[in-house]
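Note sheet for the following structure.
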Amino acid sequence: MTSYKERLNTVNTFVFDVDGVLTNSTIMLYKGDFMRSLNSKDGYALQYASKLGYKIFIITGGNSIDVKEALEGLGVKEVHLRSSNKLNVYKDLKEKHDLIDSEVLYMGDDIPDYHVMKTVGVATCPQDACVEIKQISHYQSPVLGGNGCVRDVIEQTLRVQGKWFTEQAFEW
């Protein structure tokens, strides 16, 4: 059986959920708008991986234009909002970008992520993911959603591939 770390050797694409992964699942209301907070360490890892040439995508059921714009500003290739069937969105991404399942790491935390996670080469989740997602994950980050779990899996991938803390990290 292939270990989690061995699976990271071939990863060239990251796909993330937002609520519960890039955020801590808390949604604040402000004048009728939903507000979320993103972790700056996750943001650093996203932009660094993007600058190194990794493909990064977001598939979320949420509908925040502010989150979309913030993530695109960090180098995320595509942000798919209002995704009620994440597997269909993932299949479209695979076709459009010639993705290979074994080269994709996905991080999700709840039931809507299940079918995509069963499809990709590396299924990961934050520590506070639901039981069903933990059961199918190749790796459970010790970090809670919204607190750097995205940084955790990106950093581990880049370390395994010898691309973390290189001279390129200081050039941006």
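In the structure tokens, chains take letters A, B, ... by order of appearance, with residues numbered from 1 within each chain and ligands from 1 in the order shown.
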12 Å contact set for Thr26 of chain A, only C-alpha atoms, chain neighbours under 4 positions out, as a ChimeraX atom specification: /A:18-22,34-38,145-147
Expected answer as a PyMOL selection string: strand (DSSP E) residues in chain A: chain A and resi 13-16+28-30+33-35+55-59+78-80+104-107+122-125+139-140
So that I have them on file, write out the residues from the current selection with N, CA and C atoms, as an mmCIF file, in the first residue's frame.
data_model
loop_
_atom_site.group_PDB
_atom_site.id
_atom_site.type_symbol
_atom_site.label_atom_id
_atom_site.label_comp_id
_atom_site.auth_asym_id
_atom_site.auth_seq_id
_atom_site.Cartn_x
_atom_site.Cartn_y
_atom_site.Cartn_z
ATOM 1 N N THR A 13 -1.174 19.334 -8.521
ATOM 2 C CA THR A 13 -2.428 20.083 -8.483
ATOM 3 C C THR A 13 -3.034 19.988 -7.087
ATOM 4 N N PHE A 14 -3.499 21.141 -6.597
ATOM 5 C CA PHE A 14 -4.200 21.196 -5.315
ATOM 6 C C PHE A 14 -5.632 21.684 -5.559
ATOM 7 N N VAL A 15 -6.582 21.035 -4.898
ATOM 8 C CA VAL A 15 -7.975 21.481 -4.953
ATOM 9 C C VAL A 15 -8.460 21.572 -3.511
ATOM 10 N N PHE A 16 -9.078 22.705 -3.181
ATOM 11 C CA PHE A 16 -9.528 22.934 -1.808
ATOM 12 C C PHE A 16 -10.985 23.366 -1.769
ATOM 13 N N MET A 28 -19.651 35.079 9.874
ATOM 14 C CA MET A 28 -20.171 36.238 10.589
ATOM 15 C C MET A 28 -21.087 37.030 9.668
ATOM 16 N N LEU A 29 -22.110 37.586 10.232
ATOM 17 C CA LEU A 29 -23.024 38.422 9.459
ATOM 18 C C LEU A 29 -22.695 39.884 9.719
ATOM 19 N N TYR A 30 -22.613 40.659 8.639
ATOM 20 C CA TYR A 30 -22.370 42.084 8.755
ATOM 21 C C TYR A 30 -23.244 42.784 7.728
ATOM 22 N N ASP A 33 -24.416 40.693 4.917
ATOM 23 C CA ASP A 33 -23.407 39.970 4.154
ATOM 24 C C ASP A 33 -22.721 38.948 5.043
ATOM 25 N N PHE A 34 -22.304 37.844 4.447
ATOM 26 C CA PHE A 34 -21.523 36.842 5.160
ATOM 27 C C PHE A 34 -20.059 37.242 5.110
ATOM 28 N N MET A 35 -19.389 37.127 6.238
ATOM 29 C CA MET A 35 -17.965 37.448 6.301
ATOM 30 C C MET A 35 -17.203 36.219 6.773
ATOM 31 N N LYS A 55 -0.908 23.839 -10.058
ATOM 32 C CA LYS A 55 -2.267 24.265 -10.389
ATOM 33 C C LYS A 55 -3.090 24.205 -9.107
ATOM 34 N N ILE A 56 -3.818 25.276 -8.842
ATOM 35 C CA ILE A 56 -4.622 25.344 -7.626
ATOM 36 C C ILE A 56 -6.042 25.752 -8.001
ATOM 37 N N PHE A 57 -6.997 24.987 -7.488
ATOM 38 C CA PHE A 57 -8.404 25.228 -7.764
ATOM 39 C C PHE A 57 -9.199 25.213 -6.461
ATOM 40 N N ILE A 58 -10.313 25.907 -6.471
ATOM 41 C CA ILE A 58 -11.244 25.927 -5.347
ATOM 42 C C ILE A 58 -12.597 25.435 -5.847
ATOM 43 N N ILE A 59 -13.198 24.533 -5.085
ATOM 44 C CA ILE A 59 -14.568 24.094 -5.351
ATOM 45 C C ILE A 59 -15.337 24.266 -4.051
ATOM 46 N N GLU A 78 -8.634 28.790 -10.681
ATOM 47 C CA GLU A 78 -10.082 28.938 -10.845
ATOM 48 C C GLU A 78 -10.756 28.738 -9.496
ATOM 49 N N VAL A 79 -11.775 29.560 -9.238
ATOM 50 C CA VAL A 79 -12.596 29.433 -8.038
ATOM 51 C C VAL A 79 -14.019 29.155 -8.486
ATOM 52 N N HIS A 80 -14.518 27.997 -8.104
ATOM 53 C CA HIS A 80 -15.872 27.602 -8.490
ATOM 54 C C HIS A 80 -16.801 27.750 -7.294
ATOM 55 N N VAL A 104 -3.450 14.749 -8.107
ATOM 56 C CA VAL A 104 -4.287 15.762 -7.462
ATOM 57 C C VAL A 104 -4.416 15.489 -5.968
ATOM 58 N N LEU A 105 -4.163 16.530 -5.164
ATOM 59 C CA LEU A 105 -4.430 16.510 -3.728
ATOM 60 C C LEU A 105 -5.665 17.355 -3.492
ATOM 61 N N TYR A 106 -6.644 16.782 -2.804
ATOM 62 C CA TYR A 106 -7.884 17.496 -2.467
ATOM 63 C C TYR A 106 -8.012 17.544 -0.961
ATOM 64 N N MET A 107 -8.406 18.702 -0.451
ATOM 65 C CA MET A 107 -8.698 18.822 0.975
ATOM 66 C C MET A 107 -10.131 19.291 1.146
ATOM 67 N N VAL A 122 -4.713 11.903 -3.669
ATOM 68 C CA VAL A 122 -4.398 12.207 -2.275
ATOM 69 C C VAL A 122 -5.578 12.956 -1.658
ATOM 70 N N ALA A 123 -6.315 12.272 -0.789
ATOM 71 C CA ALA A 123 -7.454 12.869 -0.093
ATOM 72 C C ALA A 123 -7.002 13.282 1.301
ATOM 73 N N THR A 124 -7.207 14.564 1.636
ATOM 74 C CA THR A 124 -6.777 15.082 2.931
ATOM 75 C C THR A 124 -7.915 15.861 3.580
ATOM 76 N N CYS A 125 -7.783 16.058 4.889
ATOM 77 C CA CYS A 125 -8.806 16.824 5.605
ATOM 78 C C CYS A 125 -8.197 17.506 6.818
ATOM 79 N N TYR A 139 -4.732 11.388 4.672
ATOM 80 C CA TYR A 139 -4.034 12.171 5.697
ATOM 81 C C TYR A 139 -5.017 13.094 6.378
ATOM 82 N N GLN A 140 -4.952 13.124 7.714
ATOM 83 C CA GLN A 140 -5.711 14.077 8.514
ATOM 84 C C GLN A 140 -4.717 15.060 9.121
#
Nearest-residue call for Val131 of chain A, choices A:Gly43, A:Ala49, A:Asp109, A:Ile65, using only C-alpha atoms: A:Asp109
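Take the candidates A:Val120, A:Leu158, A:Ile111, A:Ile100 and check each one against Ile133 of chain A using only C-alpha atoms; the shortest distance goes to A:Ile111.
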Selected residue of minimal separation from Ile27 of chain A among A:Arg82, A:Gly148, A:Ser64, A:Tyr4, counting only C-alpha atoms: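 Of A:Arg82, A:Gly148, A:Ser64, A:Tyr4, the one nearest Ile27 of chain A, counting only C-alpha atoms, is A:Ser64.
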Every residue of segment 29-125 of chain A that DSSP places in alpha helix (DSSP H), as a VMD selection string: chain A and resid 40 to 51 65 to 73 86 to 97 114 to 119
Of the listed residues A:Thr157, A:Gln168, A:Thr60, A:Asn24, that which approaches Asn12 of chain A most closely, counting only C-alpha atoms: A:Thr157
Selected residue of minimal separation from Asp66 of chain A among A:Val150, A:Ala45, A:Leu81, A:Leu52, counting only C-alpha atoms: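 Result for the nearest residue to Asp66 of chain A: A:Leu81.
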Nearest candidate to Ser3 of chain A (options A:Cys149, A:Ser137, A:Gly61, A:Trp164; using only C-alpha atoms): A:Ser137
